[in-house]
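Working notes, structure below.
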Amino acid sequence: MNAKACWLLSLTLLLGACEETTPTPQGFAGLGQASDAFLAVTPQRTLQFPADHGAHSGYRIEWWYVTANLTDEQGRDWGAQWTLFRSALRPGADQAGWYSPNLWMGHAGLSGPFGHQVAETLARGGVGQAGVEAQPFHAWIDDWSLRSTHGSGLDHLQMQARGEGFAYHLQLDSEGPLVLHGKQGYSEKSGQGQASYYYSQPFYRVSGEIERDGQRYRVSGQAWLDREWSSQPLAAQQQGWDWFSLHLQGGAKLMLFQVRQADGEPYRAGTWIAADGQTRALSAEQIHLTPLHWSNQQTGRKVPTQWRVEVPTYQLSVEVQAIETQAWMTTRFPYWEGPVRLSGSHQGRGYLEMTGY
Amino acid sequence: MDNLRVCLLALLSHWRRHPLQFFSILVGLWLATTLWTGVQALNSQARSDYARASAVLAGPAQVQLIPRRGERIPQSAYIGLRRAGWPVSPLLEGRLRFAGEPPISVQLLGIEPLTLPAGLQVAGQSSERLDLASFLGEPGQAWIAPDTLQRLGLQAGDVALTLDGQRLPPLQLQAQLAPGVIVVDIGRAQALLHAPDQLSRLLLPGDFSAPALPPTLLDSLQLQPAADGDDLQRLTDSFHLNLTALGLLAFIVGLFIVHAAIGLALEQRRGLLRTLRACGVSLATLLGTLGLELGLLALLGGLAGVASGYLLASLLLPDVAASLRGLYGAEVAGQLSLSPLWWLTGLAISLLGALLAGASSLLRAARLPLLALAQPQAWRVAQGIWLKRQALVACALLLVAVAVWRYGDSLLAGFALLASLLLAAALLLPALLDGSLALLARLCRGPLSEWFVADSRQQLPALSLALMALLLALAASVGVGSMTEGFRQTFSGWLDQRLAAELYLAPRDGDQANAVIGWLEDQPGVEAILPQRRVELRLQGRPAQLQGIVDHPTYRQHWPLLEAQANAWDKLAAGQGVMLSEQLARHLRITLDATLQLPSETGVQQLPVVALYADYGNPKGHMLVNVDWLRQHWSQAPISNISLRVAPEQVASLKSALEQRFVLEGARLIDQQGLKSWSTQIFERTFAATAALNSLTLGVAGVALFISLLTLGQSRLSQLAPLWALGLSRPRLAWLSLAQTLMLSSLTVLLAMPLGLLLAWCLVAVVNVQAFGWRLPLHVFPVQLLQLALLGLLTSLLAAAGPLWQLARQSPADLLRQFADER
């Protein structure tokens, strides 16, 4: 899923990219090239839990990504995003102290009836300012955390973060199993072998409180957690991606992404997740994604905030509309991430992420 | 346009016939611009370095958390605060020593680039734009300013080795970084400074409104709000103002030369100007041409002046930098890097000066009666009226001086006093000389002596400007020399008295202080251990130090007091009084017996002022209280210094034992002799620049006199020819002329002495008090006065020698021709 900003994270941190820099295919080339001695992603590896909830030293990039679709007591739509990225400056095992190769970056977003707010924080690894422990699960950076409250693995999490003028404090309780994408968690990102390990927990029930400009709101809804790590996720000519995580009415879930390529057809893949957690990987020809309407963002960039999404195999044909079109993440590496509503053959809500625009 | 060209050519032809005048104007402008721009270069270099220093996070402008005790904070406090949501960024400071003679000490700053407050500039670039991979990765980077790199004798990309053999990451040039600082990643700083898991300070964003500190950290950390304005800038202001005043003086003396030369040139070209007007050249064209000519001269002189001003500044900079470092702890680069603006300003100043100096001449040219005969004598007659006007202006200026002295209360007023005094004296000089000569004329019997005096009076107008320059330069030398010498005596006497302890020790932190004291108690030969605790305060917006001392005879016998109540030391010991440094008392406008309010941890404390003492050289205010009283109200006040009374024969062995046992590097442990010579050295360097500028000014005055005499010499032939015809030999005439010159300059030198002493008094009693806050006794040094007087006479003798040599060798034919040419 969130084949996202993360991949750019390493770019951001390594090359010192800044908001004014538009990512170019050339810019990605560095990532598309050799992964040195970082560990390679192979189909043979079997994911092991709870160990794989923790950080994976030796891989270049990794993230813990939660998006929540929420409703307040007045029935208004809200969206909350909590993300922790890990990026290694060099291969090899982690080490304690300032010489740790790991850099951490947290992004928090809150979208709602009053607009979109973003916070970002950075930390060095090795000194305790940020990190992830697998058992009991605890991911944190500064005073933001995603922490297991009881039970095992990722079943019951408390999620909190805050930024300038906003904060949220949410309880996540899973109502279904973990979901492995691609081939048992081995998720290809191009036809040339770029891949990542990728699993999700899309079945969270959420309740809690959000705060905006001093006002508190009780909210409830659904959330989706993504875990992904890799060393060399993108092909040289790949420009950016569009990623959808959709909660369908009736309990099914749908994950879709496309990686846009400079030289023609985008690379598409996805996972159909039945209400009981059974999964079916979707191939490129089963997925149709069409931008319908583009919105100008505050930075002057245009992104498609309305899409037609079709998966004929499951008789799905919906229009996906951003709830807040101005969900631009004004972080060191900027991207678009916000809640969406769907209408058409299916009703539901979800999250959309778009990078490389 | 053609008019202008012809006119310009006609005017310029004058310089071909009088190259000497041309050079005098040029030299005047050149010297004036040199001294002025040189001083400005020093000032602007120092100021830009202060700005660089505050841009390196070292400045107090940042809101920060600092340790309550000692110098370090455990890293866990940083993590704890981050995890509690505080946007702190860690900083570790220390010093590294590199090979050199003496070893070069450089400040090491460890930063954590990911958490630096947004918008904070590091080495001139915003923290969001750092090249993190190179800075954090292997082998990393050590940022260094070009001047520091040069001081270490290394190149960019080199790996520097400290004295204890540690390797720094490759050096990376950062032009905007402050001098004397190396910036590395915090992890590397901890390794280089042997401070694992230790931090010095935690930076906070400027707009952060801090909640209360977590209770667990309340004991060890305190929030330090951003200081208002730049202390360094303010502290060093008076130093720079002093330099500026000296530069201005030199500039004015230089303009005297220009004024004299331009005036003379105009006088000699009266005929030409009249002819041009008669030929139909309009007044506007004529004035325009004269102005253009002046502008060209100013441009030439200005270019040369700015270039040599740069040279002068680079020669003086090491001394200025050393004294700024010693006095204020301000790091100033040892080399100049000046903006284009500085060069342009230098040229503009030269143009402005030329315009000022030539304004009166242009005015006179504008009023030139078209048909009047060209009469050099008429000018002289007009001078008589001028003389009276000058005297009137001088009297008015004297009144201003008295008023400023009486009512002025700022450094600027002090300099206004100096300026009006000097200007008044200079303007009065011709009248005074004329008066003295008139007096002398009455005593003269015999034609030759009467002629001698009368002719001297006739020379006076032409020479008066040069003599004024001599007066000013000499008076400034006497004044500044007396002040410097007086300060030197007072200062060294004060040092001898105040530095009574044999060893001075500055422990790293409270733990080391306790360890040192514990160890010392068992050592033989240690007669007294005198720990001092110190708190840094701000009183009325200025930094001040509150020092707590124990009651001991060392202080009672050796701490010199300027004013004191009876039993002042007993009151201090009982915690019933505070002693204030002279400059702090002046700043706070507090006198003996008044009550001082001190904002302490336990509320505002009130203590009577029981004594005032001198604290020369300390830019911060200073206060003494009893150490127990201090601890009652500042429970965390750290031990800042320990003075040791040791049997003289034990000093060396105890010092080396302390050095080895507690690893006390360089400045942390110093014996009495070392401290004295260090202080004296700073003192000497502080006045080195002053002395250099001063002697240059005297040199300028000498040049002015020389040029005046030289130009005068040419026009005096017509006066001397009749005497020669009457039977006086040429050498005799030359001797008589020399005697005339020496008489005039002796009178000037004689007047310069009391003026210089008055100036010295103004400096010690007004300017120093305003600039530094201390008042020195006025010392008169007869030998120094005599030396300067002789130097003044020698200058005029040298200046007179050339023209007279010419006169003595003048061929009789030239003298005869004077009669043929006479109109």
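Within each chain, counting starts at residue 1; across the structure tokens, chains are named A, B, ... in the order shown, with ligands numbered 1 upward in that order.
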
- Message: Only residues of chain B matter here; which ones have an atom within 12 Å of chain A, counting only C-alpha atoms? Give them as a PyMOL selection string.
- Response: chain B and resi 75-90+110-118+126-140+185-191+196-198+208

Write the selection just made, keeping N, CA and C atoms, as a short mmCIF file (atom, residue, chain, number, x, y, z; two decimals), in the first residue's frame?
data_model
loop_
_atom_site.label_atom_id
_atom_site.label_comp_id
_atom_site.auth_asym_id
_atom_site.auth_seq_id
_atom_site.Cartn_x
_atom_site.Cartn_y
_atom_site.Cartn_z
N GLN B 75 22.05 13.22 28.57
CA GLN B 75 21.29 13.07 27.34
C GLN B 75 19.88 12.57 27.61
N SER B 76 19.72 11.83 28.72
CA SER B 76 18.39 11.29 29.03
C SER B 76 17.38 12.42 29.24
N ALA B 77 17.87 13.58 29.72
CA ALA B 77 16.95 14.70 29.90
C ALA B 77 16.43 15.16 28.55
N TYR B 78 17.30 15.13 27.56
CA TYR B 78 16.88 15.52 26.22
C TYR B 78 15.81 14.56 25.70
N ILE B 79 16.08 13.25 25.79
CA ILE B 79 15.12 12.27 25.30
C ILE B 79 13.81 12.41 26.07
N GLY B 80 13.92 12.58 27.37
CA GLY B 80 12.71 12.73 28.20
C GLY B 80 11.86 13.90 27.74
N LEU B 81 12.51 15.01 27.47
CA LEU B 81 11.76 16.19 27.04
C LEU B 81 11.14 15.99 25.66
N ARG B 82 11.89 15.38 24.74
CA ARG B 82 11.33 15.12 23.41
C ARG B 82 10.10 14.23 23.55
N ARG B 83 10.21 13.21 24.37
CA ARG B 83 9.09 12.27 24.51
C ARG B 83 7.92 12.92 25.23
N ALA B 84 8.19 14.05 25.89
CA ALA B 84 7.09 14.78 26.51
C ALA B 84 6.58 15.87 25.59
N GLY B 85 7.10 15.91 24.37
CA GLY B 85 6.57 16.85 23.39
C GLY B 85 7.30 18.17 23.32
N TRP B 86 8.42 18.30 24.01
CA TRP B 86 9.17 19.56 23.91
C TRP B 86 10.02 19.54 22.64
N PRO B 87 9.93 20.57 21.81
CA PRO B 87 10.73 20.57 20.57
C PRO B 87 12.17 21.02 20.80
N VAL B 88 12.86 20.35 21.71
CA VAL B 88 14.23 20.75 22.04
C VAL B 88 15.23 20.16 21.05
N SER B 89 16.33 20.84 20.89
CA SER B 89 17.41 20.32 20.06
C SER B 89 18.70 20.37 20.88
N PRO B 90 19.45 19.25 20.91
CA PRO B 90 20.61 19.21 21.81
C PRO B 90 21.82 19.91 21.21
N GLY B 110 28.74 20.77 18.86
CA GLY B 110 28.06 19.59 18.33
C GLY B 110 26.59 19.90 18.18
N ILE B 111 26.05 19.73 16.96
CA ILE B 111 24.64 20.02 16.75
C ILE B 111 23.93 18.77 16.27
N GLU B 112 22.61 18.77 16.42
CA GLU B 112 21.80 17.66 15.92
C GLU B 112 20.90 18.26 14.83
N PRO B 113 21.27 18.08 13.57
CA PRO B 113 20.61 18.85 12.50
C PRO B 113 19.13 18.52 12.31
N LEU B 114 18.68 17.32 12.68
CA LEU B 114 17.28 16.96 12.41
C LEU B 114 16.32 17.73 13.30
N THR B 115 16.77 18.08 14.51
CA THR B 115 15.83 18.69 15.45
C THR B 115 16.03 20.19 15.62
N LEU B 116 17.01 20.77 14.92
CA LEU B 116 17.25 22.21 15.08
C LEU B 116 15.95 22.98 14.86
N PRO B 117 15.70 24.00 15.69
CA PRO B 117 14.45 24.75 15.51
C PRO B 117 14.33 25.27 14.09
N ALA B 118 13.12 25.20 13.55
CA ALA B 118 12.89 25.64 12.18
C ALA B 118 13.27 27.10 12.04
N SER B 126 19.70 27.71 6.31
CA SER B 126 18.63 27.26 7.17
C SER B 126 18.78 25.75 7.39
N SER B 127 18.38 25.32 8.58
CA SER B 127 18.66 23.93 8.95
C SER B 127 17.91 22.94 8.06
N GLU B 128 16.86 23.40 7.38
CA GLU B 128 16.12 22.47 6.50
C GLU B 128 16.92 22.11 5.26
N ARG B 129 17.93 22.90 4.96
CA ARG B 129 18.62 22.70 3.69
C ARG B 129 20.01 22.09 3.84
N LEU B 130 20.28 21.55 5.00
CA LEU B 130 21.61 20.97 5.18
C LEU B 130 21.73 19.69 4.36
N ASP B 131 22.94 19.41 3.96
CA ASP B 131 23.23 18.15 3.27
C ASP B 131 23.44 17.09 4.34
N LEU B 132 22.31 16.50 4.77
CA LEU B 132 22.36 15.62 5.94
C LEU B 132 23.23 14.40 5.71
N ALA B 133 23.13 13.84 4.51
CA ALA B 133 23.87 12.59 4.26
C ALA B 133 25.36 12.80 4.45
N SER B 134 25.88 13.94 3.97
CA SER B 134 27.31 14.16 4.12
C SER B 134 27.66 14.51 5.55
N PHE B 135 26.78 15.26 6.21
CA PHE B 135 27.08 15.72 7.56
C PHE B 135 27.02 14.57 8.55
N LEU B 136 26.00 13.70 8.39
CA LEU B 136 25.80 12.62 9.35
C LEU B 136 26.52 11.34 8.94
N GLY B 137 26.71 11.18 7.64
CA GLY B 137 27.24 9.90 7.16
C GLY B 137 28.73 9.74 7.45
N GLU B 138 29.33 8.78 6.80
CA GLU B 138 30.77 8.57 6.95
C GLU B 138 31.50 9.22 5.78
N PRO B 139 32.61 9.91 5.95
CA PRO B 139 33.27 10.18 7.23
C PRO B 139 32.71 11.39 7.95
N GLY B 140 31.66 12.02 7.43
CA GLY B 140 31.09 13.18 8.10
C GLY B 140 31.81 14.46 7.71
N ASP B 185 28.66 16.96 14.00
CA ASP B 185 27.46 16.31 14.50
C ASP B 185 27.62 16.02 15.99
N ILE B 186 26.52 16.00 16.69
CA ILE B 186 26.56 15.87 18.14
C ILE B 186 27.26 14.58 18.58
N GLY B 187 27.04 13.51 17.83
CA GLY B 187 27.67 12.24 18.20
C GLY B 187 29.19 12.34 18.15
N ARG B 188 29.68 12.99 17.11
CA ARG B 188 31.13 13.14 16.99
C ARG B 188 31.66 14.09 18.06
N ALA B 189 30.87 15.11 18.38
CA ALA B 189 31.30 16.05 19.42
C ALA B 189 31.45 15.33 20.76
N GLN B 190 30.48 14.43 21.06
CA GLN B 190 30.57 13.71 22.33
C GLN B 190 31.84 12.87 22.38
N ALA B 191 32.20 12.27 21.25
CA ALA B 191 33.42 11.46 21.24
C ALA B 191 34.65 12.34 21.38
N PRO B 196 30.45 11.25 26.60
CA PRO B 196 29.38 10.38 26.13
C PRO B 196 28.07 10.69 26.88
N ASP B 197 26.98 10.75 26.15
CA ASP B 197 25.66 11.00 26.73
C ASP B 197 25.58 12.31 27.50
N GLN B 198 26.41 13.28 27.11
CA GLN B 198 26.39 14.57 27.79
C GLN B 198 26.03 15.67 26.79
N PHE B 208 8.36 29.38 21.03
CA PHE B 208 7.83 28.32 21.87
C PHE B 208 7.45 28.89 23.24
#

- Which residues, written as a list of chain:residue names, have at least one atom at most 10 Å from Ala652 in chain B, with only C-alpha atoms counted and residues fewer than 4 positions away on the same chain left out? B:Glu502, B:Leu503, B:Val646, B:Pro648, B:Ser656, B:Ala657, B:Leu658, B:Asp671

- Quick one: pick out all strand (DSSP E) residues within range 94-187 of chain A from a backbone DSSP run and write them as a count of residues only. 57

Thr37 in chain B environment, 7 Å, only C-alpha atoms, sequence neighbours closer than 3 positions dropped, as a PDB file with N, CA and C atoms, in the first residue's frame:
ATOM      1  N   THR B  33      41.518  59.722   3.795  1.00  0.00           N
ATOM      2  CA  THR B  33      40.688  58.552   3.465  1.00  0.00           C
ATOM      3  C   THR B  33      41.290  57.279   4.048  1.00  0.00           C
ATOM      4  N   THR B  34      42.607  57.178   4.004  1.00  0.00           N
ATOM      5  CA  THR B  34      43.272  55.991   4.538  1.00  0.00           C
ATOM      6  C   THR B  34      42.890  55.758   5.996  1.00  0.00           C
ATOM      7  N   GLN B  40      37.202  52.298   9.789  1.00  0.00           N
ATOM      8  CA  GLN B  40      35.889  51.738   9.455  1.00  0.00           C
ATOM      9  C   GLN B  40      35.993  50.260   9.102  1.00  0.00           C
ATOM     10  N   ALA B  41      37.091  49.903   8.441  1.00  0.00           N
ATOM     11  CA  ALA B  41      37.285  48.494   8.085  1.00  0.00           C
ATOM     12  C   ALA B  41      37.378  47.644   9.342  1.00  0.00           C
ATOM     13  N   VAL B 306      41.445  54.366  -0.063  1.00  0.00           N
ATOM     14  CA  VAL B 306      40.713  53.149   0.293  1.00  0.00           C
ATOM     15  C   VAL B 306      41.649  51.943   0.246  1.00  0.00           C
ATOM     16  N   GLY B 309      43.869  52.211   3.138  1.00  0.00           N
ATOM     17  CA  GLY B 309      43.072  52.007   4.345  1.00  0.00           C
ATOM     18  C   GLY B 309      42.897  50.519   4.624  1.00  0.00           C
ATOM     19  N   GLY B 346      34.054  54.304   1.296  1.00  0.00           N
ATOM     20  CA  GLY B 346      35.357  54.953   1.392  1.00  0.00           C
ATOM     21  C   GLY B 346      35.498  56.047   0.337  1.00  0.00           C
TER      22      GLY B 346
END

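Across the model, the gap from CA of Ser746 in chain B to CA of Arg809 in chain B is 25.8 Å.
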
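For the pair CA of Arg68 in chain B and CA of Trp143 in chain B, the interatomic distance is 29.6 Å.
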
- Message: Env of range 631-644 of chain B: 10 Å cut, atoms = only C-alpha atoms, seq-sep filter 6 positions within chain, self excluded. Answer as a PyMOL selection string.
- Response: chain B and resi 68-71+219-220+499-514+516-517+520+526-536+546-549+554+598-605+651+668-672

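The shortest atom-to-atom distance to Glu337 in chain A, with only C-alpha atoms taken into account, belongs to A:Gly109 out of A:Gly58, A:Pro50, A:Gly115, A:Gly109.
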
- Message: Taking 2 positions as the minimum chain separation for residues in the same chain, which residues sit within 7 Å of Val66 in chain A when counting only C-alpha atoms? Answer as number ranges by chain.
- Response: A: 64, 68, 81-83, 223-226

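Computed from the coordinates, the CA of Val132 in chain A to CA of Leu47 in chain A distance equals 17.2 Å.
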
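Among the candidate residues B:Leu35, B:Ala413, B:Ala566, B:Leu92, the one lying nearest to Cys762 in chain B is B:Ala413, with distances computed using only C-alpha atoms.
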
- Message: So that I can see what lies close to Ala438 in chain B, please list as a PyMOL selection string the residues with an atom at most 12 Å from it, counting only C-alpha atoms and leaving out residues fewer than 2 positions away in the same chain.
- Response: chain B and resi 430-436+440-444+450+452-458+460

- Among the residues A:Gly193, A:Gly125, A:Pro202, A:Gly356, the one that comes closest to Thr271 in chain A [using only C-alpha atoms]: A:Pro202

- Item | Per-residue DSSP, range 3-239 of chain B, filtered to helix (DSSP H, G or I), as a PyMOL selection string | chain B and resi 3-17+19-54+75-83+127-129+132-136+146-152+186-192+215-218+231-239
